[in-house]
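Just below is one structure, and these are the notes that go with it.
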Amino acid sequence: MSTKLRGAVFGAGNMGRHHIRIMDAHPDVDLVAIVDPDVERAKQHPSAAHTPVFASVEDMPDVDLAIVAIPTQYHLEAGLALMNRGINILIEKPLAGNPEDARTLVDAAKSAGVILATGHVERFNPAVNTLARLIDEPLFISIERLSPYTPRIQDSVVFDLTIHDIDLACWLAGGYPSEIAASGTKVYSDTIDAASSVLKFPNGCVVTLQTSRITNDKIRRISVSEKDRFLVADTLHQSIEVRKQAEVSYKSKNEEITFAQTSVVESLTIDKSGEPLRKELDDFLNAIRTGGKPTVDGEAGLAAVELAHKIEALCL
């Protein structure tokens, strides 16, 4: 591209440091600002050696785009401050901590004429992306996201983990659920640590979401049942199996040898090149360049927050 876009990353914590690294290495973006109230922490990032660090949005220079990767409770304030300056923004999931704030961000982006993207990076996971292209008419989808406990996380498991799969459910099933059921339990924290949800969509597809942060093993699996196929994606180890119904039989002339095959299992090759966060940034940049919609726009982020809010209320 002939002209690089000027970019900033707001937040240098757990997710922010990865966004800083990705943006700093991107050939089509000049990272001109790292913004974090904890200036000293931000200065520890290697990119801070050649990129200035600012304590607030008000202090940073003009940029074309910014990524907001700070605690959820500050998304509204930071997002509005950036959009008031005419800056296109990508806000890490969840878009906001409640539907009202999420709607305010979506409406503000429209009023300011800027692009608002939501950081649901699982959409750019190679296994998930491949699975989405394979699915024809899903009847039943099961999504499992199980992890060990992480004390630093303050959000409930619904807003921390389930929200990833809420977005995937709406994307893969195609729409917004008409019925929701959910239940959850508290184990290690004062909020929900494990949740089980069932979403039924207008087209008849049923999606179950199993989410836990009380599990020793880390599991990321999506199973899809169709009329004649069963697809299983391990999104952690990047593998997909497709099981197809088949009826093939053989019997020798003397009938001493028989053979029957009732199903066929295919293991697919997945293109694992490219880091999902880099692909997410590429998608955001393309939307800015073309004036189009990012893959996960503000409306998709709002839908995920609305559903997470409803599921969390059922779990409490």
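The chains in the structure tokens are called A, B, ... from first to last as shown; in each chain the residues are counted from 1, and the ligands are counted from 1 in the order shown.
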
Item to check | Shell around segment 275-277 of chain A at 8 Å using only C-alpha atoms, local window under 2 positions removed, as a ChimeraX atom specification | outcome: /A:19,22,121-122,124-126,273,279-281

Take the residues from that selection and put them in a file with N, CA and C atoms, as an mmCIF file, in the first residue's frame.
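Result went into again05.cif, see below:
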```cif
data_model
loop_
_atom_site.group_PDB
_atom_site.id
_atom_site.type_symbol
_atom_site.label_atom_id
_atom_site.label_comp_id
_atom_site.auth_asym_id
_atom_site.auth_seq_id
_atom_site.Cartn_x
_atom_site.Cartn_y
_atom_site.Cartn_z
ATOM 1 N N HIS A 19 -1.330 -7.196 20.788
ATOM 2 C CA HIS A 19 -1.759 -6.255 19.750
ATOM 3 C C HIS A 19 -0.641 -5.278 19.398
ATOM 4 N N ILE A 22 1.793 -7.180 17.158
ATOM 5 C CA ILE A 22 1.258 -7.415 15.817
ATOM 6 C C ILE A 22 1.231 -6.121 15.004
ATOM 7 N N VAL A 121 -11.580 -12.786 18.107
ATOM 8 C CA VAL A 121 -10.507 -13.329 17.272
ATOM 9 C C VAL A 121 -10.739 -14.778 16.863
ATOM 10 N N GLU A 122 -11.640 -15.499 17.549
ATOM 11 C CA GLU A 122 -11.905 -16.890 17.182
ATOM 12 C C GLU A 122 -12.452 -17.017 15.759
ATOM 13 N N PHE A 124 -11.142 -15.851 13.339
ATOM 14 C CA PHE A 124 -9.970 -15.930 12.476
ATOM 15 C C PHE A 124 -9.093 -17.137 12.798
ATOM 16 N N ASN A 125 -9.577 -17.994 13.689
ATOM 17 C CA ASN A 125 -8.911 -19.254 13.982
ATOM 18 C C ASN A 125 -9.006 -20.134 12.736
ATOM 19 N N PRO A 126 -7.888 -20.653 12.210
ATOM 20 C CA PRO A 126 -7.934 -21.425 10.964
ATOM 21 C C PRO A 126 -8.901 -22.600 10.990
ATOM 22 N N SER A 273 -1.140 -21.105 8.363
ATOM 23 C CA SER A 273 -0.268 -19.950 8.209
ATOM 24 C C SER A 273 -0.973 -18.677 8.663
ATOM 25 N N LYS A 279 -4.520 -11.679 11.243
ATOM 26 C CA LYS A 279 -5.613 -11.742 10.278
ATOM 27 C C LYS A 279 -6.757 -10.802 10.686
ATOM 28 N N GLU A 280 -6.989 -10.710 11.985
ATOM 29 C CA GLU A 280 -8.014 -9.797 12.480
ATOM 30 C C GLU A 280 -7.640 -8.352 12.154
ATOM 31 N N LEU A 281 -6.376 -8.008 12.351
ATOM 32 C CA LEU A 281 -5.917 -6.656 12.029
ATOM 33 C C LEU A 281 -6.010 -6.400 10.527
#
```

What's the 10 Å shell around Ala81 of chain A, counting only C-alpha atoms, without same-chain residues fewer than 5 positions away, as a short mmCIF file (atom, residue, chain, number, x, y, z; two decimals) with all heavy atoms, in the first residue's frame?
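part06.cif written:
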```cif
data_model
loop_
_atom_site.label_atom_id
_atom_site.label_comp_id
_atom_site.auth_asym_id
_atom_site.auth_seq_id
_atom_site.Cartn_x
_atom_site.Cartn_y
_atom_site.Cartn_z
N SER A 56 -2.92 8.75 28.46
CA SER A 56 -4.35 8.86 28.18
C SER A 56 -4.61 9.11 26.71
O SER A 56 -3.70 9.48 25.95
CB SER A 56 -4.97 10.00 29.01
OG SER A 56 -4.49 11.25 28.53
N VAL A 57 -5.86 8.92 26.30
CA VAL A 57 -6.26 9.17 24.93
C VAL A 57 -6.05 10.63 24.57
O VAL A 57 -5.65 10.97 23.45
CB VAL A 57 -7.75 8.80 24.74
CG1 VAL A 57 -8.25 9.22 23.36
CG2 VAL A 57 -7.96 7.30 24.93
N GLU A 58 -6.30 11.52 25.53
CA GLU A 58 -6.17 12.96 25.29
C GLU A 58 -4.74 13.36 24.95
O GLU A 58 -4.51 14.33 24.23
CB GLU A 58 -6.65 13.75 26.51
CG GLU A 58 -8.16 13.67 26.75
CD GLU A 58 -8.61 12.33 27.29
OE1 GLU A 58 -7.78 11.62 27.90
OE2 GLU A 58 -9.81 11.98 27.11
N HIS A 75 -14.17 0.18 28.56
CA HIS A 75 -14.36 0.20 27.11
C HIS A 75 -15.22 1.37 26.65
O HIS A 75 -14.91 2.01 25.64
CB HIS A 75 -15.01 -1.12 26.65
CG HIS A 75 -14.07 -2.27 26.60
ND1 HIS A 75 -14.41 -3.50 26.09
CD2 HIS A 75 -12.77 -2.39 27.00
CE1 HIS A 75 -13.38 -4.33 26.18
NE2 HIS A 75 -12.38 -3.68 26.74
N LEU A 76 -16.30 1.65 27.36
CA LEU A 76 -17.19 2.72 26.94
C LEU A 76 -16.47 4.06 26.96
O LEU A 76 -16.51 4.80 25.97
CB LEU A 76 -18.42 2.78 27.85
CG LEU A 76 -19.42 3.89 27.53
CD1 LEU A 76 -20.02 3.71 26.15
CD2 LEU A 76 -20.52 3.95 28.60
N GLY A 86 -12.68 10.99 15.88
CA GLY A 86 -12.78 10.49 14.51
C GLY A 86 -11.90 9.29 14.22
O GLY A 86 -11.53 9.06 13.06
N ILE A 87 -11.57 8.52 15.23
CA ILE A 87 -10.66 7.39 15.09
C ILE A 87 -11.44 6.09 14.94
O ILE A 87 -12.34 5.79 15.72
CB ILE A 87 -9.71 7.30 16.30
CG1 ILE A 87 -8.86 8.58 16.40
CG2 ILE A 87 -8.82 6.07 16.23
CD1 ILE A 87 -8.07 8.70 17.69
#
```

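We find atom CA of Val158 of chain A and atom CA of Ile89 of chain A to be spaced 24.0 Å apart.
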
Item to check | DSSP strand (DSSP E or B) residues within segment 52-275 of chain A, listed as a ChimeraX atom specification | outcome: /A:53-54,65-68,88-92,116-119,140-146,179-185,194-200,206-212,219-225,229-234,239-251,258-268

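Within the 12 Å cut-off around Arg152 of chain A, using only C-alpha atoms and omitting residues fewer than 5 positions from it on the same chain, the listed residues are Gly13, Asn14, Pro71, Asp160, Tyr188 and Ser189 of chain A.
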
Write a file of the just-selected residues containing N, CA and C atoms, as a PDB file, in the first residue's frame.
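Dumped everything to part_29.pdb:
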```pdb
ATOM      1  N   GLY A  13      -1.489  -4.550  28.644  1.00  0.00           N
ATOM      2  CA  GLY A  13      -1.586  -5.704  29.539  1.00  0.00           C
ATOM      3  C   GLY A  13      -1.550  -7.024  28.790  1.00  0.00           C
ATOM      4  N   ASN A  14      -2.296  -7.995  29.285  1.00  0.00           N
ATOM      5  CA  ASN A  14      -2.220  -9.353  28.758  1.00  0.00           C
ATOM      6  C   ASN A  14      -2.526  -9.429  27.264  1.00  0.00           C
ATOM      7  N   PRO A  71      -9.322  -3.397  30.464  1.00  0.00           N
ATOM      8  CA  PRO A  71     -10.434  -4.042  31.174  1.00  0.00           C
ATOM      9  C   PRO A  71     -11.792  -3.565  30.659  1.00  0.00           C
ATOM     10  N   ASP A 160     -16.119 -13.907  30.113  1.00  0.00           N
ATOM     11  CA  ASP A 160     -14.716 -14.182  29.832  1.00  0.00           C
ATOM     12  C   ASP A 160     -14.558 -15.185  28.692  1.00  0.00           C
ATOM     13  N   TYR A 188     -14.636 -21.290  42.406  1.00  0.00           N
ATOM     14  CA  TYR A 188     -13.432 -20.648  42.920  1.00  0.00           C
ATOM     15  C   TYR A 188     -13.561 -19.146  43.133  1.00  0.00           C
ATOM     16  N   SER A 189     -14.601 -18.544  42.592  1.00  0.00           N
ATOM     17  CA  SER A 189     -14.735 -17.093  42.665  1.00  0.00           C
ATOM     18  C   SER A 189     -16.135 -16.721  43.139  1.00  0.00           C
TER      19      SER A 189
END
```

Item to check | Near-Asp36 of chain A list (10 Å; only C-alpha atoms; drop same-chain fewer than 6 positions) as a PyMOL selection string | outcome: chain A and resi 9-13+16+42-43+53-57+69-70

Selection export as a PDB file, in the first residue's frame, atoms kept: C-alpha atoms:
```
ATOM      1  CA  VAL A   9      -2.922   0.453  20.934  1.00  0.00           C
ATOM      2  CA  PHE A  10      -4.745   1.367  24.122  1.00  0.00           C
ATOM      3  CA  GLY A  11      -3.633  -1.025  26.853  1.00  0.00           C
ATOM      4  CA  ALA A  12      -0.335  -2.860  27.363  1.00  0.00           C
ATOM      5  CA  GLY A  13      -1.586  -5.704  29.539  1.00  0.00           C
ATOM      6  CA  GLY A  16      -2.605  -5.377  24.635  1.00  0.00           C
ATOM      7  CA  ALA A  42       3.878   0.020  29.001  1.00  0.00           C
ATOM      8  CA  LYS A  43       7.489   1.125  28.656  1.00  0.00           C
ATOM      9  CA  VAL A  53       3.947   5.889  25.456  1.00  0.00           C
ATOM     10  CA  PHE A  54       1.076   8.101  26.612  1.00  0.00           C
ATOM     11  CA  ALA A  55      -0.997   7.987  29.771  1.00  0.00           C
ATOM     12  CA  SER A  56      -4.353   8.857  28.184  1.00  0.00           C
ATOM     13  CA  VAL A  57      -6.265   9.170  24.928  1.00  0.00           C
ATOM     14  CA  ALA A  69      -7.393  -3.816  24.869  1.00  0.00           C
ATOM     15  CA  ILE A  70      -8.134  -2.714  28.412  1.00  0.00           C
TER      16      ILE A  70
END
```

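Picture a line from atom CA of Ile166 of chain A to atom CA of Gly97 of chain A; it runs 14.9 Å.
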
Show me, as a PDB file with N, CA, C and O atoms, in the first residue's frame, the residues that have an atom within 9 Å of Ala132 of chain A when counting only C-alpha atoms, minus same-chain residues fewer than 5 positions from it.
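The new file result35.pdb reads:
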```pdb
ATOM      1  N   ALA A 127      -8.958 -23.334  12.111  1.00  0.00           N
ATOM      2  CA  ALA A 127      -9.862 -24.481  12.191  1.00  0.00           C
ATOM      3  C   ALA A 127     -11.318 -24.033  12.190  1.00  0.00           C
ATOM      4  O   ALA A 127     -12.172 -24.644  11.536  1.00  0.00           O
ATOM      5  N   TRP A 171     -22.877 -17.103  14.376  1.00  0.00           N
ATOM      6  CA  TRP A 171     -22.244 -17.129  13.057  1.00  0.00           C
ATOM      7  C   TRP A 171     -22.480 -18.467  12.363  1.00  0.00           C
ATOM      8  O   TRP A 171     -22.915 -18.517  11.208  1.00  0.00           O
ATOM      9  N   LEU A 172     -22.217 -19.561  13.071  1.00  0.00           N
ATOM     10  CA  LEU A 172     -22.319 -20.885  12.466  1.00  0.00           C
ATOM     11  C   LEU A 172     -23.766 -21.315  12.242  1.00  0.00           C
ATOM     12  O   LEU A 172     -24.084 -21.957  11.242  1.00  0.00           O
TER      13      LEU A 172
END
```

Next on the checklist: What parts of segment 157-292 of chain A does DSSP call alpha helix (DSSP H)? I'd like the answer as a PyMOL selection string.
Outcome noted: chain A and resi 157+163-173+276-290

Next on the checklist: Give me the residues near segment 301-309 of chain A as a ChimeraX atom specification, where near means some atom within 12 Å (using only C-alpha atoms) and where sequence neighbours in that chain fewer than 6 positions away do not count.
Outcome noted: /A:72,90-107,116-121,155-171,175-182,195,197-199,209,294-295,315-316

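The shortest atom-to-atom distance to Ala233 of chain A, with only C-alpha atoms taken into account, belongs to A:Ser267 out of A:Ser267, A:Thr51, A:Ser147, A:Thr211.
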